[in-house]
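Asker: Provided herewith: my_file_33.csv, CSV, C-alpha atoms.
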```
chain,number,residue,atom,x,y,z
P,22,MET,CA,135.8,-33.1,26.6
P,23,ILE,CA,133.8,-33.8,23.4
P,24,VAL,CA,132.2,-37.1,22.5
P,25,LEU,CA,131.3,-37.9,18.8
P,26,ALA,CA,128.7,-40.5,19.3
P,27,GLY,CA,126.9,-43.0,17.1
P,28,ALA,CA,128.9,-42.8,13.9
P,29,ARG,CA,130.5,-45.5,11.8
P,30,VAL,CA,134.1,-45.1,12.9
P,31,VAL,CA,136.8,-46.2,10.5
P,32,LEU,CA,139.8,-47.8,12.2
P,33,PRO,CA,142.9,-49.1,10.5
P,34,ASP,CA,141.7,-52.7,10.6
P,35,ARG,CA,137.9,-52.5,11.0
P,36,VAL,CA,134.8,-50.3,11.1
P,37,LEU,CA,132.9,-49.7,14.4
P,38,GLU,CA,129.2,-49.6,13.3
P,39,GLN,CA,128.0,-47.6,16.3
P,40,GLY,CA,131.3,-46.0,17.5
P,41,SER,CA,132.2,-43.3,20.0
P,42,VAL,CA,135.3,-41.1,19.8
P,43,VAL,CA,136.2,-39.0,22.8
P,44,ILE,CA,138.3,-35.9,22.3
P,45,HIS,CA,140.1,-33.9,25.0
P,46,GLU,CA,141.8,-30.7,23.8
P,47,ASP,CA,143.7,-31.7,20.7
P,48,ARG,CA,143.8,-35.4,21.2
P,49,ILE,CA,141.7,-38.5,20.9
P,50,VAL,CA,141.5,-40.1,24.3
P,51,GLU,CA,139.1,-43.0,23.8
P,52,VAL,CA,137.6,-45.0,20.9
P,53,ARG,CA,135.1,-47.8,21.4
P,54,GLU,CA,132.0,-49.5,20.0
P,55,GLY,CA,128.8,-48.3,21.5
P,56,ALA,CA,128.4,-45.7,24.3
P,57,VAL,CA,131.1,-44.4,26.6
P,58,ALA,CA,130.9,-43.1,30.1
P,59,ILE,CA,130.3,-39.4,29.8
P,60,ALA,CA,132.4,-37.2,32.1
P,61,ALA,CA,130.7,-34.3,33.8
P,62,GLY,CA,130.6,-31.2,31.5
P,63,ALA,CA,131.4,-33.2,28.4
P,64,ARG,CA,129.8,-32.1,25.2
P,65,VAL,CA,128.1,-34.9,23.3
P,66,LEU,CA,127.6,-34.6,19.5
P,67,PRO,CA,125.3,-37.3,18.1
P,68,MET,CA,126.4,-38.4,14.7
P,69,PRO,CA,123.9,-41.0,13.4
P,70,GLY,CA,124.4,-41.8,9.7
P,71,ARG,CA,127.8,-40.2,9.6
P,72,VAL,CA,131.2,-41.9,8.8
P,73,LEU,CA,134.3,-40.8,10.7
P,74,VAL,CA,137.6,-41.3,9.0
P,75,PRO,CA,141.1,-40.0,9.8
P,76,GLY,CA,142.0,-36.6,8.4
P,77,PHE,CA,143.2,-36.9,4.8
P,78,ILE,CA,147.0,-36.4,4.2
P,79,ASP,CA,148.0,-35.4,0.7
P,80,VAL,CA,151.7,-35.7,0.0
P,81,HIS,CA,151.5,-34.2,-3.5
P,82,VAL,CA,149.4,-31.0,-3.9
P,83,HIS,CA,150.4,-28.0,-5.9
P,84,GLY,CA,147.4,-25.9,-5.2
P,85,VAL,CA,143.6,-25.5,-5.0
P,86,GLU,CA,140.8,-23.1,-5.9
P,87,GLY,CA,142.9,-20.9,-8.1
P,88,ARG,CA,145.9,-20.7,-5.8
P,89,ASP,CA,149.3,-22.3,-6.5
P,90,VAL,CA,151.9,-22.8,-3.7
P,91,LEU,CA,154.5,-21.0,-5.9
P,92,ASP,CA,152.3,-17.8,-6.0
P,93,GLY,CA,154.3,-15.9,-3.4
P,94,ALA,CA,155.1,-15.7,0.3
P,95,LEU,CA,151.5,-16.1,1.4
P,96,ALA,CA,150.5,-18.8,-1.0
P,97,VAL,CA,151.2,-21.8,1.1
P,98,ALA,CA,149.2,-20.5,4.0
P,99,ASP,CA,146.4,-19.7,1.7
P,100,VAL,CA,146.3,-23.2,0.2
P,101,ALA,CA,146.4,-24.6,3.8
P,102,ALA,CA,143.3,-22.6,4.7
P,103,ARG,CA,141.3,-23.9,1.7
P,104,LEU,CA,142.1,-27.6,2.0
P,105,PRO,CA,140.1,-28.6,5.1
P,106,ARG,CA,136.7,-28.2,3.3
P,107,TYR,CA,137.9,-31.2,1.3
P,108,GLY,CA,138.8,-33.2,4.4
P,109,VAL,CA,142.6,-32.5,4.2
P,110,THR,CA,144.2,-32.1,7.6
P,111,ALA,CA,147.8,-32.2,6.5
P,112,PHE,CA,149.6,-31.8,3.2
P,113,CYS,CA,153.0,-31.5,1.5
P,114,PRO,CA,153.1,-28.3,-0.5
P,115,THR,CA,154.5,-29.4,-3.8
P,116,SER,CA,156.6,-27.3,-6.2
P,117,VAL,CA,157.3,-27.8,-9.9
P,118,ALA,CA,160.8,-27.1,-11.3
P,119,CYS,CA,161.5,-23.4,-10.9
P,120,ALA,CA,164.3,-20.9,-10.6
P,121,PRO,CA,166.3,-20.8,-7.3
P,122,ALA,CA,164.8,-17.4,-6.3
P,123,ASP,CA,161.3,-18.8,-6.6
P,124,LEU,CA,162.3,-22.0,-4.8
P,125,ASP,CA,163.7,-20.0,-2.0
P,126,ILE,CA,160.5,-17.9,-1.6
P,127,PHE,CA,158.4,-21.1,-1.6
P,128,LEU,CA,160.5,-22.9,1.0
P,129,GLY,CA,160.5,-19.8,3.1
P,130,ALA,CA,156.7,-19.8,3.0
P,131,VAL,CA,156.7,-23.4,4.0
P,132,ALA,CA,159.0,-22.7,6.9
P,133,ALA,CA,156.8,-19.7,8.0
P,134,ALA,CA,153.6,-21.7,7.9
P,135,ARG,CA,155.2,-24.5,9.9
P,136,ALA,CA,156.6,-22.2,12.5
P,137,ALA,CA,153.3,-20.3,12.9
P,138,PRO,CA,150.5,-22.6,11.7
P,139,PRO,CA,147.6,-20.7,10.1
P,140,ALA,CA,144.4,-20.8,12.1
P,141,ARG,CA,141.7,-23.2,11.0
P,142,ALA,CA,144.0,-24.6,8.3
P,143,ALA,CA,145.5,-27.9,7.2
P,144,ARG,CA,148.8,-28.7,8.8
P,145,VAL,CA,151.7,-27.8,6.6
P,146,LEU,CA,154.2,-30.7,6.3
P,147,LYS,CA,157.6,-30.4,4.8
P,148,ALA,CA,157.7,-29.6,1.1
P,149,HIS,CA,157.6,-32.0,-1.8
P,150,LEU,CA,159.9,-30.8,-4.5
P,151,GLU,CA,159.0,-32.2,-7.9
P,152,SER,CA,162.4,-30.9,-8.6
P,153,ASN,CA,164.6,-29.5,-11.3
P,154,PHE,CA,166.4,-32.8,-11.6
P,155,ILE,CA,164.0,-34.9,-13.7
P,156,ASN,CA,164.3,-36.3,-17.2
P,157,PRO,CA,163.4,-33.7,-19.8
P,158,ALA,CA,162.0,-36.5,-22.1
P,159,TRP,CA,159.5,-37.4,-19.3
P,160,ASN,CA,158.8,-33.9,-18.0
P,161,GLY,CA,155.1,-33.8,-18.8
P,162,ALA,CA,153.8,-30.3,-17.8
P,163,GLN,CA,157.0,-29.5,-15.9
P,164,PRO,CA,158.8,-26.4,-17.2
P,165,ALA,CA,161.5,-27.8,-19.5
P,166,HIS,CA,163.5,-24.6,-19.4
P,167,CYS,CA,164.0,-25.1,-15.6
P,168,LEU,CA,165.4,-28.6,-15.8
P,169,ARG,CA,169.1,-29.3,-15.0
P,170,THR,CA,171.3,-32.3,-14.3
P,171,PRO,CA,173.0,-32.6,-10.9
P,172,ALA,CA,176.3,-32.9,-12.6
P,173,GLY,CA,175.9,-29.3,-13.8
P,174,THR,CA,175.8,-29.9,-17.5
P,175,GLY,CA,172.1,-29.6,-18.0
P,176,ARG,CA,170.4,-27.0,-20.2
P,177,LEU,CA,170.3,-23.4,-19.1
P,178,SER,CA,167.4,-21.0,-19.6
P,179,SER,CA,168.1,-18.1,-21.9
P,180,GLY,CA,167.8,-14.4,-20.9
P,181,PRO,CA,167.4,-13.0,-17.5
P,182,GLY,CA,167.2,-15.4,-14.6
P,183,GLU,CA,169.7,-17.9,-16.1
P,184,PHE,CA,170.9,-20.3,-13.4
P,185,ALA,CA,172.9,-23.5,-13.0
P,186,ALA,CA,172.3,-26.7,-11.2
P,187,ASP,CA,174.6,-25.7,-8.3
P,188,ASP,CA,172.4,-22.6,-7.7
P,189,VAL,CA,169.4,-24.9,-7.1
P,190,LEU,CA,171.4,-27.3,-4.9
P,191,ARG,CA,172.6,-24.4,-2.8
P,192,THR,CA,169.1,-23.2,-2.3
P,193,MET,CA,168.0,-26.7,-1.3
P,194,ALA,CA,170.9,-27.0,1.2
P,195,ALA,CA,170.1,-23.6,2.8
P,196,ARG,CA,166.4,-24.6,3.2
P,197,GLN,CA,166.8,-28.3,3.8
P,198,GLU,CA,164.8,-28.2,7.1
P,199,SER,CA,161.7,-27.3,5.0
P,200,ILE,CA,162.2,-30.2,2.5
P,201,GLY,CA,160.6,-33.6,3.0
P,202,ILE,CA,160.3,-35.4,-0.4
P,203,VAL,CA,162.4,-34.8,-3.5
P,204,THR,CA,161.4,-36.2,-6.8
P,205,THR,CA,164.3,-37.0,-9.2
P,206,ALA,CA,165.2,-39.1,-12.2
P,207,PRO,CA,168.2,-41.2,-11.2
P,208,GLU,CA,169.2,-42.1,-14.7
P,209,ILE,CA,170.2,-38.5,-15.6
P,210,GLU,CA,173.9,-37.5,-15.3
P,211,GLY,CA,174.8,-37.4,-11.6
P,212,GLY,CA,171.4,-38.8,-10.6
P,213,LEU,CA,172.6,-41.6,-8.4
P,214,ASP,CA,175.0,-39.3,-6.6
P,215,LEU,CA,172.1,-36.9,-6.0
P,216,VAL,CA,170.0,-39.7,-4.6
P,217,ARG,CA,172.8,-40.5,-2.1
P,218,LEU,CA,173.3,-36.8,-1.2
P,219,LEU,CA,169.6,-36.2,-0.6
P,220,ARG,CA,169.2,-39.4,1.4
P,221,GLY,CA,172.2,-38.4,3.5
P,222,ARG,CA,170.4,-35.1,4.3
P,223,GLY,CA,167.4,-37.0,5.6
P,224,HIS,CA,165.0,-36.4,2.7
P,225,VAL,CA,162.6,-38.9,1.3
P,226,VAL,CA,164.0,-39.5,-2.3
P,227,SER,CA,161.3,-40.3,-4.9
P,228,ILE,CA,161.7,-41.7,-8.4
P,229,GLY,CA,159.5,-39.9,-10.9
P,230,HIS,CA,159.4,-38.2,-14.3
P,231,SER,CA,161.9,-40.9,-15.2
P,232,GLY,CA,163.0,-42.8,-18.2
P,233,ALA,CA,165.0,-45.3,-16.1
P,234,THR,CA,165.3,-48.9,-17.1
P,235,TYR,CA,164.3,-51.6,-14.6
P,236,ALA,CA,168.0,-52.1,-13.8
P,237,GLU,CA,168.6,-48.4,-13.3
P,238,ALA,CA,165.5,-48.1,-11.1
P,239,ARG,CA,166.8,-51.0,-9.0
P,240,ASP,CA,170.2,-49.3,-8.6
P,241,ALA,CA,168.4,-46.1,-7.5
P,242,ILE,CA,166.4,-48.1,-4.9
P,243,ALA,CA,169.6,-49.6,-3.6
P,244,ALA,CA,171.1,-46.1,-3.4
P,245,GLY,CA,168.2,-44.8,-1.3
P,246,VAL,CA,165.0,-44.2,-3.2
P,247,THR,CA,162.1,-45.1,-0.9
P,248,HIS,CA,159.2,-43.3,-2.7
P,249,ALA,CA,157.6,-43.2,-6.2
P,250,THR,CA,156.0,-40.1,-7.6
P,251,HIS,CA,152.6,-40.7,-9.2
P,252,LEU,CA,153.1,-44.4,-10.0
P,253,PHE,CA,152.4,-45.2,-13.7
P,254,ASN,CA,152.4,-41.6,-14.8
P,255,ARG,CA,155.6,-40.1,-16.4
P,256,MET,CA,157.7,-43.1,-15.9
P,257,THR,CA,158.8,-46.2,-17.9
P,258,PRO,CA,155.9,-48.6,-17.9
P,259,LEU,CA,155.7,-52.3,-17.1
P,260,SER,CA,156.1,-54.7,-20.0
P,261,HIS,CA,156.8,-58.4,-20.1
P,262,ARG,CA,160.4,-57.9,-21.3
P,263,GLU,CA,161.4,-54.6,-19.7
P,264,PRO,CA,159.7,-54.1,-16.3
P,265,GLY,CA,160.7,-50.4,-16.2
P,266,VAL,CA,160.4,-48.1,-13.3
P,267,VAL,CA,156.8,-49.4,-12.6
P,268,GLY,CA,158.1,-53.0,-12.3
P,269,ALA,CA,160.9,-52.0,-9.9
P,270,VAL,CA,158.6,-50.0,-7.7
P,271,LEU,CA,155.9,-52.7,-7.6
P,272,GLU,CA,158.3,-55.4,-6.5
P,273,ALA,CA,160.2,-53.3,-3.9
P,274,PRO,CA,158.6,-53.5,-0.4
P,275,GLY,CA,160.6,-50.6,0.9
P,276,VAL,CA,159.2,-48.2,-1.7
P,277,GLY,CA,156.0,-46.4,-1.0
P,278,ALA,CA,154.1,-45.3,-4.2
P,279,GLU,CA,151.8,-42.4,-4.8
P,280,VAL,CA,148.8,-43.0,-7.1
P,281,ILE,CA,146.6,-40.2,-8.5
P,282,CYS,CA,143.1,-41.3,-7.6
P,283,ASP,CA,141.0,-39.4,-10.1
P,284,GLY,CA,140.0,-42.4,-12.2
P,285,TYR,CA,141.6,-41.0,-15.3
P,286,HIS,CA,145.4,-40.8,-14.6
P,287,VAL,CA,145.2,-44.4,-13.5
P,288,HIS,CA,142.3,-46.6,-14.3
P,289,PRO,CA,140.5,-47.9,-11.3
P,290,ILE,CA,141.3,-51.5,-12.2
P,291,VAL,CA,145.0,-50.7,-12.4
P,292,VAL,CA,144.7,-49.1,-8.9
P,293,ARG,CA,143.1,-52.3,-7.7
P,294,LEU,CA,145.9,-54.4,-9.2
P,295,ALA,CA,148.6,-52.1,-7.7
P,296,LEU,CA,146.9,-52.5,-4.3
P,297,GLN,CA,147.0,-56.3,-4.7
P,298,VAL,CA,150.7,-56.2,-5.3
P,299,LYS,CA,151.8,-53.4,-2.9
P,300,ALA,CA,149.1,-53.8,-0.2
P,301,ALA,CA,147.6,-50.8,1.4
P,302,ALA,CA,150.8,-50.1,3.5
P,303,GLY,CA,152.7,-49.5,0.2
P,304,LEU,CA,150.3,-47.1,-1.6
P,305,MET,CA,149.3,-43.5,-1.0
P,306,ALA,CA,146.4,-41.8,-2.6
P,307,ILE,CA,147.3,-38.4,-3.9
P,308,THR,CA,145.5,-35.7,-5.9
P,309,ASP,CA,148.5,-34.1,-7.7
P,310,GLY,CA,146.1,-31.3,-7.3
P,311,THR,CA,146.8,-27.9,-9.0
P,312,ALA,CA,145.2,-24.5,-8.7
P,313,ALA,CA,142.6,-26.0,-11.0
P,314,SER,CA,141.3,-28.3,-8.1
P,315,GLY,CA,137.9,-27.3,-6.8
P,316,LEU,CA,137.2,-25.1,-9.8
P,317,PRO,CA,134.5,-25.6,-12.5
P,318,VAL,CA,135.2,-27.1,-16.0
P,319,GLY,CA,136.6,-24.4,-18.3
P,320,SER,CA,138.5,-22.5,-15.6
P,321,ARG,CA,141.9,-21.3,-16.5
P,322,VAL,CA,144.8,-21.0,-14.0
P,323,ARG,CA,148.5,-21.4,-14.0
P,324,LEU,CA,151.1,-24.1,-13.2
P,325,GLY,CA,154.8,-23.3,-13.4
P,326,GLY,CA,154.0,-20.1,-15.3
P,327,ARG,CA,151.9,-21.9,-18.0
P,328,VAL,CA,148.2,-21.7,-18.4
P,329,ILE,CA,146.3,-24.9,-17.5
P,330,VAL,CA,142.6,-25.6,-18.2
P,331,VAL,CA,140.1,-27.6,-16.1
P,332,THR,CA,138.6,-30.3,-18.3
P,333,PRO,CA,135.9,-32.9,-17.4
P,334,ARG,CA,138.6,-35.4,-16.7
P,335,SER,CA,141.6,-33.5,-15.4
P,336,ALA,CA,143.8,-30.4,-15.8
P,337,GLU,CA,145.7,-29.9,-19.0
P,338,LEU,CA,148.0,-27.5,-20.7
P,339,GLU,CA,146.5,-25.7,-23.7
P,340,ASP,CA,148.1,-28.3,-26.0
P,341,GLY,CA,146.3,-31.1,-24.2
P,342,THR,CA,149.2,-32.3,-22.1
P,343,LEU,CA,148.1,-33.6,-18.7
P,344,ALA,CA,149.1,-31.1,-16.0
P,345,GLY,CA,148.4,-32.6,-12.6
P,346,SER,CA,144.8,-33.0,-11.7
P,347,ALA,CA,141.7,-31.0,-10.7
P,348,ILE,CA,140.5,-33.4,-8.0
P,349,THR,CA,140.4,-33.0,-4.3
P,350,MET,CA,141.0,-35.7,-1.6
P,351,ASP,CA,137.4,-36.2,-0.8
P,352,ARG,CA,136.8,-37.2,-4.4
P,353,ALA,CA,139.8,-39.5,-4.3
P,354,PHE,CA,138.4,-41.2,-1.3
P,355,ARG,CA,135.0,-41.8,-3.0
P,356,MET,CA,136.7,-43.1,-6.2
P,357,LEU,CA,138.6,-45.7,-4.1
P,358,VAL,CA,135.4,-46.9,-2.5
P,359,GLU,CA,132.9,-46.6,-5.4
P,360,GLU,CA,135.1,-47.4,-8.4
P,361,VAL,CA,138.1,-49.4,-7.1
P,362,GLY,CA,135.8,-51.2,-4.7
P,363,THR,CA,138.0,-50.9,-1.6
P,364,PRO,CA,136.5,-51.2,1.9
P,365,LEU,CA,136.3,-48.0,3.9
P,366,GLU,CA,139.2,-49.0,6.1
P,367,THR,CA,141.4,-49.5,3.1
P,368,ALA,CA,140.4,-46.2,1.5
P,369,ALA,CA,141.2,-44.5,4.8
P,370,ARG,CA,144.6,-46.1,4.9
P,371,LEU,CA,145.4,-45.0,1.4
P,372,CYS,CA,144.2,-41.4,2.0
P,373,ALA,CA,145.8,-41.0,5.4
P,374,THR,CA,147.5,-43.8,7.3
P,375,THR,CA,150.1,-44.9,4.8
P,376,ALA,CA,151.3,-41.3,4.2
P,377,ALA,CA,151.6,-40.7,7.9
P,378,GLU,CA,153.5,-43.9,8.4
P,379,ARG,CA,155.9,-43.2,5.5
P,380,LEU,CA,156.6,-39.7,6.7
P,381,GLY,CA,157.0,-40.7,10.3
P,382,LEU,CA,154.0,-38.8,11.6
P,383,ALA,CA,153.3,-41.1,14.6
P,384,ASP,CA,150.3,-39.2,15.9
P,385,GLN,CA,148.5,-38.6,12.6
P,386,GLY,CA,146.6,-40.7,10.0
P,387,ARG,CA,144.5,-42.9,12.3
P,388,ILE,CA,141.7,-42.8,14.8
P,389,ALA,CA,143.2,-44.1,18.0
P,390,PRO,CA,143.8,-43.0,21.6
P,391,GLY,CA,146.7,-40.7,21.7
P,392,ALA,CA,146.5,-39.6,18.1
P,393,LEU,CA,145.8,-36.0,17.2
P,394,ALA,CA,142.1,-35.3,16.8
P,395,ASP,CA,142.4,-34.8,13.0
P,396,LEU,CA,139.1,-36.3,11.6
P,397,VAL,CA,136.7,-36.1,8.7
P,398,VAL,CA,133.0,-36.5,9.2
P,399,LEU,CA,131.4,-37.8,6.0
P,400,ASP,CA,127.7,-38.3,5.2
P,401,GLY,CA,126.2,-41.5,3.8
P,402,SER,CA,127.3,-40.4,0.3
P,403,LEU,CA,130.9,-40.0,1.6
P,404,ARG,CA,130.8,-36.2,1.2
P,405,VAL,CA,132.6,-34.0,3.7
P,406,GLN,CA,130.4,-32.5,6.4
P,407,GLU,CA,133.0,-31.5,9.0
P,408,THR,CA,136.7,-31.5,9.3
P,409,TRP,CA,138.3,-31.6,12.7
P,410,ILE,CA,141.9,-30.4,13.1
P,411,GLY,CA,143.5,-30.8,16.6
P,412,GLY,CA,140.0,-30.9,18.1
P,413,LEU,CA,138.8,-27.8,16.3
P,414,ARG,CA,135.5,-28.3,14.4
P,415,LEU,CA,135.2,-26.9,10.9
P,416,ARG,CA,131.8,-27.4,9.4
P,417,ASN,CA,131.0,-27.5,5.7
P,418,THR,CA,127.6,-26.3,4.4
P,419,ASP,CA,128.3,-27.3,0.8
P,420,PRO,CA,131.4,-28.4,-1.3
P,421,GLY,CA,132.3,-24.8,-2.1
P,422,GLN,CA,131.6,-23.0,1.2
P,423,SER,CA,132.8,-23.5,4.7
P,424,VAL,CA,131.3,-22.0,7.9
P,425,TYR,CA,133.7,-22.1,10.8
```
Rewrite the structure from the file as structure tokens, please.
Answerer:
Amino acid sequence: MIVLAGARVVLPDRVLEQGSVVIHEDRIVEVREGAVAIAAGARVLPMPGRVLVPGFIDVHVHGVEGRDVLDGALAVADVAARLPRYGVTAFCPTSVACAPADLDIFLGAVAAARAAPPARAARVLKAHLESNFINPAWNGAQPAHCLRTPAGTGRLSSGPGEFAADDVLRTMAARQESIGIVTTAPEIEGGLDLVRLLRGRGHVVSIGHSGATYAEARDAIAAGVTHATHLFNRMTPLSHREPGVVGAVLEAPGVGAEVICDGYHVHPIVVRLALQVKAAAGLMAITDGTAASGLPVGSRVRLGGRVIVVTPRSAELEDGTLAGSAITMDRAFRMLVEEVGTPLETAARLCATTAAERLGLADQGRIAPGALADLVVLDGSLRVQETWIGGLRLRNTDPGQSVY
């Protein structure tokens, strides 16, 4: 039995100013204001001046600290091992559009990490495929030569490794137990049929990298879209005559929306406005983190086979195109509190609870009796001091070094 005593404990609806959290094995068994009865043999850890929040859940992360989840069979486990120092206790490894052989290796790595979880690492959730089936006019940093249409008439890459849409779909079908979220553009040829197919397989279908009109986006939501990939970025914007994908997502209560919370991809005021429209239960803070995340400005890594550079504001291709971000979830949490102005409990919901609810993770994303003991201990400046995963304490000595 372990008692975390005297911290500010962030619950889904309030903050306990002098709270106690009792952990037994891998679960939280008691949460209350003030002191608790201490069982014989219990270990008490005083935490004055600390803030306890639920472990962060990032549903859109490509990599961190120089490692990309598509870097090979061990890459997913490696990324999982690096994320806890930033407060992440669970994440969806996220791919970019790639060849079927690379997709198969990636999904095999996800399956292996889920079957035998790496020690002292973030929980590996089902994959998020930022898939081959997006609109090439809205691809951003996605490799254009890997894009296809579900109807099979999309462009083919030249030279060795040429593949068709059916090859990708067969790989997805063979590995469907490892796939959680699939991002697609429903307006491309065969897009709505793909939405229905993926929904029928039990996947969360997300609209993103899309040039859909408002009407087309509404049709996609009716067909089964329940998620939006990085709201506002790489999708048709909201205007007063054509509400676009953004308008359709904002008005749909059944669609949960990701927001990149680095303060640059989406201005903090726009995050605040989206929060007013969707409420915290409809928004998920994400990093869209790449191998650039956690690295100093000027670092050069790769995304989808292309060089990306860490800049003071984000991660970019060498031509200046935004290519995911370079932030980590602890920074996203601080941005929500310090720049958007959300209360601690709202920031915790955006960084953990909403994602858990949307993915059906009933025992994650909240500090409550019966939940997994997945916690983040922050100091008064909201910087990670410790991350607890299933009752295991991982202590940070500084942002770039962890001592377990």
Asker: Find the spatial neighbours of Pro274 of chain P, counting only C-alpha atoms, within a cut-off of 12 Å - ignore same-chain residues fewer than 2 positions away - and output them as a PyMOL selection string.
Answerer: chain P and resi 242+246-249+268-272+276-278+298-304
Asker: Just the residues within 12 Å of segment 187-198 of chain P, please, counting all atoms listed in the file, with nothing from its chain fewer than 5 positions along; format it as a ChimeraX atom specification.
Answerer: /P:118-133,135-136,146-150,152-154,167-175,177,182,203,215,218-225
Asker: Taking into account only C-alpha atoms, which residue in the set P:Leu415, P:Ile410, P:Leu95, P:Leu66 is nearest to Leu396 of chain P?
Answerer: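 Among the listed residues, P:Ile410 lies closest to Leu396 of chain P.
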Asker: Name the closest residue to Glu378 of chain P among the candidates P:His261, P:Ala394, P:Met305, P:Met68; distances are taken between atoms, counting only C-alpha atoms.
Answerer: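 For Glu378 of chain P, the nearest of the given residues is P:Met305.
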Asker: In terms of the shortest atom-to-atom distance over all atoms listed in the file, which of P:Asp214, P:Glu183, P:Glu279, P:Asp400 is closest to Ile228 of chain P?
Answerer: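 Of all the options, P:Glu279 lies closest to Ile228 of chain P.
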Asker: Write out as an mmCIF file with C-alpha atoms, in the coordinates of the input which residues come within 6 Å of Asn160 of chain P when counting all atoms listed in the file, dropping same-chain ones fewer than 3 positions away.
Answerer:
```cif
data_model
loop_
_atom_site.group_PDB
_atom_site.id
_atom_site.type_symbol
_atom_site.label_atom_id
_atom_site.label_comp_id
_atom_site.auth_asym_id
_atom_site.auth_seq_id
_atom_site.Cartn_x
_atom_site.Cartn_y
_atom_site.Cartn_z
ATOM 1 C CA PRO P 157 163.400 -33.700 -19.800
ATOM 2 C CA GLN P 163 157.000 -29.500 -15.900
ATOM 3 C CA HIS P 230 159.400 -38.200 -14.300
#
```
Asker: Between atom CA of Asp47 of chain P and atom CA of Gln385 of chain P, what distance in Å does the model show, to one decimal?
Answerer: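 Pair atom CA of Asp47 of chain P / atom CA of Gln385 of chain P returns 11.7 Å.
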Asker: Could you tell me which of P:Ala376, P:Ala347, P:Cys113, P:Leu296 comes closest to Gly319 of chain P if we count only C-alpha atoms?
Answerer: P:Ala347
Asker: Hey, which of P:Val267, P:Val65, P:Ile44, P:Val280 ends up closest to Cys372 of chain P? Count all atoms listed in the file.
Answerer: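 Checking each candidate against Cys372 of chain P, we get P:Val280 as the closest.
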Asker: Residues near Ser231 of chain P, anyone? I mean within 8 Å using all atoms listed in the file, not counting same-chain ones fewer than 2 positions away, as a ChimeraX atom specification.
Answerer: /P:155-156,159,205-208,228-229,233,255-257,266
Asker: When distances are computed from all atoms listed in the file, which of P:Gly55, P:Gly381, P:Gly310, P:Gly412 shows the smallest separation from Gly201 of chain P?
Answerer: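 So, comparing all the options, the nearest one is P:Gly381.
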